[in-house]
Amino acid sequence: MSKQAKTAITPTREENFPEWYQQVIKAADMAENAPTRGCMTVKPYGWAVWENMVNIFDGWLKDYGVQNCSFPMLIPVSFLSKEAEHVDGFAKECAVVTHHRLEADENGALVPAPAAELEEKYVVRPTSETIIGDAMSRWIQSYRDLPLKLNQWCSVLRWEMRTRIFLRTGEFFWHEGHNAFKDHEEAKGDCLHVLDLYEKFFTEYLAVDGFKGVKTPEERFPGANETYCIETMMQDGKGLQACTTHDLGTTFSKTFNIKYQIQEGGEELCHTTSWAFTTRMIGALIMMHGDDDGMVMPPRIAPQQIVVLPVLKGEGDADILAYCSDLAAKLKAKGLRAKVDEREMRTPDKMWDAIKKGIPLRVEVGGREMEEGVVTHVRRDLGRESKTTQSLESFIEGAQGILDAIHEDMLARVRRFRDENTHEAASIEELGAFFAAGKTGFVRMPVAVLDDPALEAVMKEHSLTTRNMPFADEGRSVLIAKAY
RNA sequence: CGGGCUGUAGCGCAGUCUGGUAGCGCGCCUCGUUCGGGACGAGGAGGCCGGAGGUUCGAAUCCUCUCAGCCCGACCA
């Protein structure tokens with residue numbers, strides 16, 4: 001018997017969900033806390049997940065006519081201060097660049113040189129509506145310049161009080177799209193279209209689904225007329241906003257003078273939008289798919305989809321390794337991300353490594369398989385119960401199908417969990433009673449509850465927030481939950 | 001930014017109350033036996049105890065000041 005715990009991760013999700021989350025990240029070697037306050041270092045395995053997300057979604061944006069570009073990381077403070085509502089939202093979490101030179105003080109410590117203080121201070125971008133709005137005002141002259149669709153992949157900085165790797169860090173990575181249109185109808189259409197792209201991306205690549213809907217006025221992005229989002233549910237029942245699109249109306253057009261000439265000769269304000277998803281999505285993947293043995297990667301964005309594990313005994317190892325390499329090469333030829341684990345480690349340790357990293361499909365090849373021309377494989381999402389032996393040829397033909405099946409099952413599991421943990425409440429009393437009883441999940445209520453002055457106290461008591469008003473309910477209901 | 005807690009080896013901790021120059025587990029390195037859901041034995045490397053002052057013959061330990069992190073709130077993708 002093993003001295004090891006029954007699960008690869010301690011504590012388990014049930015024992016301590018936040019600690020389990022941290023341990024999964026460590027066990028999968030995805031990221032760690034950086035020496036810089038509140039910031040994370042994303043390690044190769046974690047970054048590979050992000051890269052896959054970027055590569056897929058970037059292509060979709062280009063298909064939609066979005067052009068990539070790059071705006072400065074430093075934004076003049078004066079830009080930020082132009083839009084009052086926007087300032088209210090971000091000013092309190094901005095890092096400010098005030099000097100352009102360091103020098104040694106009397107103790108030899110490097111300090112900002114007093115003589116090098118900047119006349120114009122800069123904030124490290126918390127988001128780029130202002131500096132892009134400024135550019136748009138110069139780039140857009142006529143209706144012929146519209147729509148203008150811009151995007152940048154970059155990182156932003158928000159000085160958060162409490163940080164957690166991937167979920168909330170000082171610096172995080174995202175893409176931010178900023179589009180300009182001639183009227184509100186087009187702008188709203190843009191918001192809804194991009195939201196559909198996000199939904200497609202989530203369901204088809206991340207095996208994630210949630211509630212598509214619109215934010216309540218209190219939860220809107222600072223400066224937006226309307227904020228749309230997809231709210232997802234973590235395994236502890238808490239909500240997580242997975243992406244957003246903002247209908248900014250003419251807020252930033254007015255502030256930054258983004259106007260175009262119409263055919264008839266007059267001038268009109270542009271209607272702008274902005275939208276994003278972030279590295280937070282990796283945290284969502286962990287909390288939606290992970291289990292007590294660690295990460296479970298959705299196959300279509302998994303950095304490695306298949307690990308080929310040679311079971312070596314000393315004799316005939318070279319033949320087994322050759323057999324494995326041949327298998328991996330054939331899988332790669334099929335477009336699959338497969339790799340032989342040739343590291344000098346004990347086989348069981350390699351297995352647990354693959355399990356903790358969440359590699360979707362593990363293939364074991366030993367002397368038995370080689371002699372019989374077969375392979376043995378195990379699905380990460382189902383565990384050893386799914387262990388199957390089949391001929392080499394049929395496996396190579398069917399591998400893509402197995403990965404697709406894993407994806408579909410993971411998505412179905414996520415949807416079932418979401419549905420089973422979404423409850424109805426008709427009154428504020430019911431809402432309070434639900435959370436007072438220690439239950440978890442989302443609570444769906446009639447929207448009229450938002451006008452009830454008694455709601456706030458109950459929400460505060462249980463640390464609840466309104467997540468969104470789901471499109472599926474056509475504005476009749478609002479989802480309330482604890483959230484990340 | 002309030003309230004609480006913690007900084008000692010890569011990680012997790014003991015030692016601090018009752019000062020005497022640092023220890024345990026895991027991990028890491030070497031050798032052997034092992035290897036299909038976490039092996040075992042024997043050796044070995046690794047720490048100016050968060051930082052700066054102070055008290056003392058002597059400080060991880062006592063005092064002062066700092067810095068950082070964690071948890072609980074308020075704010076947030």
# chains A, B, ... in the order shown; residues from 1 in each chain; ligands from 1

$ select_by_dssp --residues "stretch 228-408 of chain A" --states "strand (DSSP E or B)" --output "PyMOL selection string"
chain A and resi 228-233+239-249+259-261+267-269+271-278+291+294+306-310+338-340+361-365+374-379+388-391

$ interface_residues --of "chain B" --to "chain A" --cutoff "10 Å" --atoms "only C-alpha atoms (C1' of nucleotides)" --output "list of chain:residue names"
B:C1, B:U34, B:C35, B:G36, B:G37, B:G38, B:A39, B:A68, B:G69, B:C75, B:C76, B:A77

$ write_last_selection --atoms "N, CA, C and O atoms (P, O5', C5', C4', C3', O3' and C1' of nucleotides)" --output "compact mmCIF listing (two decimals), in the first residue's frame"
# COMPACT_ATOMS: atom_id res chain seq x y z
P C B 1 -2.35 52.59 2.08
O5' C B 1 -3.82 52.20 2.57
C5' C B 1 -4.72 53.21 3.01
C4' C B 1 -5.91 52.57 3.67
C3' C B 1 -5.63 51.56 4.77
O3' C B 1 -5.28 52.18 6.00
C1' C B 1 -7.43 50.81 3.40
P U B 34 15.75 -5.76 -9.38
O5' U B 34 14.66 -4.82 -8.75
C5' U B 34 13.51 -4.45 -9.47
C4' U B 34 12.74 -3.42 -8.69
C3' U B 34 11.64 -2.74 -9.49
O3' U B 34 10.45 -3.49 -9.42
C1' U B 34 12.95 -1.09 -8.38
P C B 35 9.68 -3.81 -10.80
O5' C B 35 9.02 -2.43 -11.20
C5' C B 35 8.18 -1.72 -10.30
C4' C B 35 7.97 -0.32 -10.85
C3' C B 35 7.25 -0.29 -12.19
O3' C B 35 6.40 0.83 -12.25
C1' C B 35 9.35 0.75 -12.38
P G B 36 4.89 0.73 -11.72
O5' G B 36 4.06 1.36 -12.91
C5' G B 36 3.93 0.60 -14.11
C4' G B 36 2.46 0.54 -14.47
C3' G B 36 1.65 -0.40 -13.58
O3' G B 36 0.35 0.13 -13.49
C1' G B 36 1.63 -1.19 -15.80
P G B 37 -0.22 0.55 -12.09
O5' G B 37 0.00 2.15 -12.22
C5' G B 37 0.92 2.82 -11.37
C4' G B 37 0.21 3.57 -10.26
C3' G B 37 -0.66 2.71 -9.34
O3' G B 37 -0.60 3.24 -8.04
C1' G B 37 -1.99 4.34 -10.33
P G B 38 0.58 2.83 -7.04
O5' G B 38 1.71 3.85 -7.45
C5' G B 38 1.44 5.23 -7.49
C4' G B 38 2.72 5.99 -7.49
C3' G B 38 3.62 5.70 -6.27
O3' G B 38 4.91 5.97 -6.71
C1' G B 38 2.92 7.93 -6.20
P A B 39 6.13 5.02 -6.15
O5' A B 39 5.70 4.58 -4.71
C5' A B 39 6.56 4.72 -3.60
C4' A B 39 7.32 3.41 -3.36
C3' A B 39 8.41 3.53 -2.33
O3' A B 39 7.87 3.30 -1.04
C1' A B 39 9.21 2.40 -4.25
P A B 68 6.32 46.77 1.33
O5' A B 68 6.31 45.18 1.21
C5' A B 68 7.19 44.53 0.32
C4' A B 68 7.19 43.04 0.59
C3' A B 68 5.82 42.38 0.59
O3' A B 68 5.37 42.11 -0.71
C1' A B 68 7.04 41.66 2.48
P G B 69 3.77 42.08 -0.99
O5' G B 69 3.33 40.68 -0.37
C5' G B 69 3.77 39.47 -0.98
C4' G B 69 3.51 38.31 -0.06
C3' G B 69 2.05 38.05 0.27
O3' G B 69 1.40 37.34 -0.74
C1' G B 69 3.33 37.96 2.25
P C B 75 -17.83 47.17 -1.82
O5' C B 75 -16.46 47.66 -2.43
C5' C B 75 -16.38 48.80 -3.27
C4' C B 75 -15.13 48.74 -4.11
C3' C B 75 -15.22 47.89 -5.37
O3' C B 75 -15.80 48.60 -6.46
C1' C B 75 -13.25 47.35 -4.20
P C B 76 -16.49 47.74 -7.62
O5' C B 76 -15.28 46.93 -8.24
C5' C B 76 -14.89 47.08 -9.60
C4' C B 76 -13.58 46.40 -9.81
C3' C B 76 -13.63 45.12 -10.64
O3' C B 76 -13.53 45.41 -12.03
C1' C B 76 -12.41 44.71 -8.67
P A B 77 -14.66 44.75 -13.05
O5' A B 77 -13.82 43.72 -13.90
C5' A B 77 -14.31 43.36 -15.19
C4' A B 77 -13.75 41.98 -15.50
C3' A B 77 -13.82 41.03 -14.32
O3' A B 77 -15.07 40.39 -14.26
C1' A B 77 -11.67 40.99 -15.28

$ residues_around --residues "A:His178" --least-positions-apart "3" --cutoff "8 Å" --atoms "only C-alpha atoms (C1' of nucleotides)" --output "PDB file with C-alpha atoms, in the first residue's frame"
ATOM      1  CA  GLU A 129     -10.274  53.192 -23.877  1.00  0.00           C
ATOM      2  CA  ILE A 132      -7.335  54.479 -28.186  1.00  0.00           C
ATOM      3  CA  LYS A 149     -12.104  47.671 -35.633  1.00  0.00           C
ATOM      4  CA  LEU A 150      -8.923  47.531 -33.524  1.00  0.00           C
ATOM      5  CA  ASN A 151      -7.515  45.040 -31.074  1.00  0.00           C
ATOM      6  CA  THR A 272     -17.780  52.797 -29.698  1.00  0.00           C
ATOM      7  CA  THR A 273     -17.456  49.389 -28.096  1.00  0.00           C
ATOM      8  CA  SER A 274     -14.781  47.524 -26.196  1.00  0.00           C
ATOM      9  CA  TRP A 275     -14.494  43.889 -25.225  1.00  0.00           C
TER      10      TRP A 275
END

$ closest_residue --among "A:Thr127, A:Thr227, A:Asn33, A:Thr232" --to "A:Thr203" --atoms "only C-alpha atoms"
A:Thr232

$ atom_distance --atom1 "atom CA of A:Cys270" --atom2 "atom CA of A:Glu231"
28.8 Å

$ residues_around --residues "B:C71" --least-positions-apart "4" --cutoff "12 Å" --atoms "only C-alpha atoms (C1' of nucleotides)" --output "ChimeraX atom specification"
/A:18-19,162 /B:3-6

$ write_last_selection --atoms "all heavy atoms" --output "compact mmCIF listing (two decimals), in the first residue's frame"
# COMPACT_ATOMS: atom_id res chain seq x y z
N PRO A 18 -10.31 27.03 -2.10
CA PRO A 18 -9.27 27.99 -2.49
C PRO A 18 -7.86 27.41 -2.42
O PRO A 18 -7.03 27.64 -3.29
CB PRO A 18 -9.44 29.13 -1.48
CG PRO A 18 -10.83 29.00 -0.98
CD PRO A 18 -11.13 27.53 -1.00
N GLU A 19 -7.61 26.63 -1.38
CA GLU A 19 -6.28 26.03 -1.24
C GLU A 19 -6.07 24.95 -2.30
O GLU A 19 -4.99 24.83 -2.87
CB GLU A 19 -6.13 25.45 0.18
CG GLU A 19 -4.77 24.82 0.47
CD GLU A 19 -3.60 25.78 0.32
OE1 GLU A 19 -3.82 27.01 0.41
OE2 GLU A 19 -2.48 25.31 0.08
N ARG A 162 -6.48 42.40 -3.08
CA ARG A 162 -6.30 40.96 -2.85
C ARG A 162 -6.10 40.28 -4.19
O ARG A 162 -6.89 40.42 -5.09
CB ARG A 162 -7.53 40.36 -2.17
CG ARG A 162 -7.70 40.78 -0.73
CD ARG A 162 -8.91 40.09 -0.13
NE ARG A 162 -8.73 38.64 -0.13
CZ ARG A 162 -9.71 37.79 0.16
NH1 ARG A 162 -10.91 38.23 0.39
NH2 ARG A 162 -9.49 36.50 0.18
P G B 3 -6.58 48.25 12.55
OP1 G B 3 -6.07 49.25 13.48
OP2 G B 3 -5.68 47.69 11.53
O5' G B 3 -7.21 47.04 13.37
C5' G B 3 -8.61 46.83 13.45
C4' G B 3 -8.91 45.36 13.40
O4' G B 3 -9.38 45.01 12.06
C3' G B 3 -7.75 44.41 13.61
O3' G B 3 -7.38 44.23 14.98
C2' G B 3 -8.27 43.12 12.98
O2' G B 3 -9.21 42.48 13.81
C1' G B 3 -8.97 43.69 11.75
N9 G B 3 -8.02 43.73 10.62
C8 G B 3 -7.32 44.81 10.15
N7 G B 3 -6.54 44.51 9.14
C5 G B 3 -6.75 43.16 8.93
C6 G B 3 -6.19 42.27 7.97
O6 G B 3 -5.36 42.53 7.09
N1 G B 3 -6.68 40.99 8.11
C2 G B 3 -7.59 40.59 9.05
N2 G B 3 -7.94 39.30 9.04
N3 G B 3 -8.12 41.40 9.96
C4 G B 3 -7.66 42.66 9.83
P G B 4 -5.86 43.69 15.36
OP1 G B 4 -5.73 43.66 16.82
OP2 G B 4 -4.93 44.49 14.54
O5' G B 4 -5.85 42.20 14.80
C5' G B 4 -6.27 41.12 15.62
C4' G B 4 -6.21 39.83 14.85
O4' G B 4 -6.67 40.06 13.49
C3' G B 4 -4.83 39.23 14.65
O3' G B 4 -4.37 38.52 15.79
C2' G B 4 -5.06 38.32 13.45
O2' G B 4 -5.74 37.14 13.81
C1' G B 4 -5.99 39.19 12.60
N9 G B 4 -5.19 39.99 11.64
C8 G B 4 -4.95 41.34 11.67
N7 G B 4 -4.20 41.75 10.67
C5 G B 4 -3.94 40.60 9.93
C6 G B 4 -3.20 40.40 8.74
O6 G B 4 -2.59 41.23 8.08
N1 G B 4 -3.21 39.07 8.34
C2 G B 4 -3.83 38.05 9.01
N2 G B 4 -3.71 36.83 8.47
N3 G B 4 -4.54 38.22 10.13
C4 G B 4 -4.55 39.50 10.51
P C B 5 -2.75 38.50 16.09
OP1 C B 5 -2.55 37.84 17.39
OP2 C B 5 -2.23 39.87 15.85
O5' C B 5 -2.17 37.55 14.95
C5' C B 5 -2.48 36.16 14.95
C4' C B 5 -2.04 35.52 13.66
O4' C B 5 -2.50 36.32 12.53
C3' C B 5 -0.54 35.45 13.42
O3' C B 5 0.07 34.38 14.12
C2' C B 5 -0.48 35.25 11.91
O2' C B 5 -0.79 33.92 11.55
C1' C B 5 -1.62 36.16 11.44
N1 C B 5 -1.13 37.49 10.99
C2 C B 5 -0.47 37.57 9.76
O2 C B 5 -0.32 36.53 9.09
N3 C B 5 -0.02 38.77 9.33
C4 C B 5 -0.19 39.86 10.07
N4 C B 5 0.27 41.01 9.61
C5 C B 5 -0.85 39.80 11.35
C6 C B 5 -1.30 38.60 11.77
P U B 6 1.65 34.48 14.47
OP1 U B 6 1.97 33.31 15.31
OP2 U B 6 1.97 35.85 14.95
O5' U B 6 2.33 34.28 13.06
C5' U B 6 2.19 33.05 12.36
C4' U B 6 2.82 33.15 11.00
O4' U B 6 2.22 34.25 10.27
C3' U B 6 4.30 33.49 10.98
O3' U B 6 5.08 32.34 11.23
C2' U B 6 4.49 34.04 9.57
O2' U B 6 4.55 33.01 8.61
C1' U B 6 3.17 34.79 9.37
N1 U B 6 3.29 36.25 9.61
C2 U B 6 3.87 37.02 8.60
O2 U B 6 4.28 36.53 7.58
N3 U B 6 3.92 38.36 8.88
C4 U B 6 3.48 39.00 10.01
O4 U B 6 3.59 40.22 10.11
C5 U B 6 2.90 38.14 11.00
C6 U B 6 2.83 36.82 10.77

$ closest_residue --among "B:G44, B:G15, B:G2, B:G51" --to "B:U30" --atoms "only C-alpha atoms (C1' of nucleotides)"
B:G44

$ select_by_dssp --residues "stretch 154-339 of chain A" --states "helix (DSSP H, G or I)" --output "PyMOL selection string"
chain A and resi 184-206+217-219+251-256+280-289+317-333

$ write_last_selection --atoms "C-alpha atoms" --output "compact mmCIF listing (two decimals), in the first residue's frame"
# COMPACT_ATOMS: atom_id res chain seq x y z
CA HIS A 184 -25.91 52.63 -31.92
CA GLU A 185 -27.50 49.78 -33.83
CA GLU A 186 -24.16 48.77 -35.32
CA ALA A 187 -22.36 49.15 -32.02
CA LYS A 188 -24.87 47.01 -30.20
CA GLY A 189 -24.68 44.45 -32.99
CA ASP A 190 -20.91 44.39 -32.52
CA CYS A 191 -21.26 43.71 -28.80
CA LEU A 192 -23.63 40.86 -29.41
CA HIS A 193 -21.59 39.42 -32.24
CA VAL A 194 -18.35 39.37 -30.26
CA LEU A 195 -20.23 37.88 -27.33
CA ASP A 196 -21.31 35.10 -29.67
CA LEU A 197 -17.69 34.62 -30.72
CA TYR A 198 -16.73 34.26 -27.07
CA GLU A 199 -19.50 31.76 -26.49
CA LYS A 200 -18.43 29.74 -29.51
CA PHE A 201 -14.83 29.85 -28.35
CA PHE A 202 -15.77 28.75 -24.83
CA THR A 203 -18.03 25.91 -25.85
CA GLU A 204 -16.02 24.64 -28.80
CA TYR A 205 -12.52 24.98 -27.41
CA LEU A 206 -12.58 25.38 -23.63
CA PRO A 217 -26.52 49.04 -14.10
CA GLU A 218 -24.47 48.74 -10.89
CA GLU A 219 -22.19 46.14 -12.44
CA THR A 251 -19.33 58.37 -23.86
CA PHE A 252 -15.79 58.20 -25.16
CA SER A 253 -16.67 59.82 -28.48
CA LYS A 254 -17.83 62.90 -26.64
CA THR A 255 -14.82 62.97 -24.38
CA PHE A 256 -12.24 62.33 -27.09
CA ARG A 280 -8.42 34.76 -15.78
CA MET A 281 -9.94 32.22 -18.17
CA ILE A 282 -7.16 29.82 -17.19
CA GLY A 283 -8.33 30.09 -13.60
CA ALA A 284 -11.84 29.33 -14.77
CA LEU A 285 -10.62 26.21 -16.57
CA ILE A 286 -8.99 25.01 -13.38
CA MET A 287 -12.04 25.67 -11.22
CA MET A 288 -14.53 24.26 -13.72
CA HIS A 289 -12.68 21.18 -14.95
CA ASP A 317 13.73 -0.75 -23.89
CA ALA A 318 15.17 0.53 -27.14
CA ASP A 319 12.52 -1.33 -29.12
CA ILE A 320 9.74 -0.01 -26.93
CA LEU A 321 11.02 3.55 -27.27
CA ALA A 322 11.20 3.16 -31.03
CA TYR A 323 7.63 1.82 -31.06
CA CYS A 324 6.54 4.85 -28.98
CA SER A 325 8.34 7.36 -31.20
CA ASP A 326 6.71 5.82 -34.23
CA LEU A 327 3.30 6.08 -32.57
CA ALA A 328 3.86 9.73 -31.58
CA ALA A 329 5.02 10.58 -35.09
CA LYS A 330 1.90 9.04 -36.60
CA LEU A 331 -0.32 10.94 -34.16
CA LYS A 332 1.50 14.17 -34.97
CA ALA A 333 0.97 13.49 -38.65

$ atom_distance --atom1 "atom CA of A:Ile258" --atom2 "atom CA of A:Leu118"
28.4 Å

$ atom_distance --atom1 "atom CA of A:Asp381" --atom2 "atom CA of A:Glu14"
18.2 Å

$ closest_residue --among "A:Pro299, A:Gly335, A:Gly358, A:Gly316" --to "A:Leu403" --atoms "only C-alpha atoms"
A:Pro299

$ closest_residue --among "A:Ile301, A:Leu361, A:Ile262, A:Ile402" --to "A:Ser142" --atoms "only C-alpha atoms"
A:Ile262

$ decode --residues "stretch 349-364 of chain A" --atoms "C-alpha atoms" --output "JSON list (two decimals), in the first residue's frame"
[["chain", "number", "residue", "atom", "x", "y", "z"],
["A", 349, "ASP", "CA", 5.92, 9.26, -11.33],
["A", 350, "LYS", "CA", 5.49, 10.08, -15.00],
["A", 351, "MET", "CA", 1.89, 8.97, -14.82],
["A", 352, "TRP", "CA", 1.12, 11.22, -11.89],
["A", 353, "ASP", "CA", 2.85, 14.07, -13.61],
["A", 354, "ALA", "CA", 0.59, 13.61, -16.64],
["A", 355, "ILE", "CA", -2.44, 13.33, -14.37],
["A", 356, "LYS", "CA", -1.61, 16.51, -12.42],
["A", 357, "LYS", "CA", -0.99, 18.41, -15.63],
["A", 358, "GLY", "CA", -4.33, 17.21, -16.94],
["A", 359, "ILE", "CA", -3.06, 15.79, -20.22],
["A", 360, "PRO", "CA", -6.30, 14.55, -21.81],
["A", 361, "LEU", "CA", -5.13, 11.18, -23.05],
["A", 362, "ARG", "CA", -2.39, 8.94, -21.69],
["A", 363, "VAL", "CA", -1.09, 6.05, -23.75],
["A", 364, "GLU", "CA", 0.88, 3.29, -22.08]]
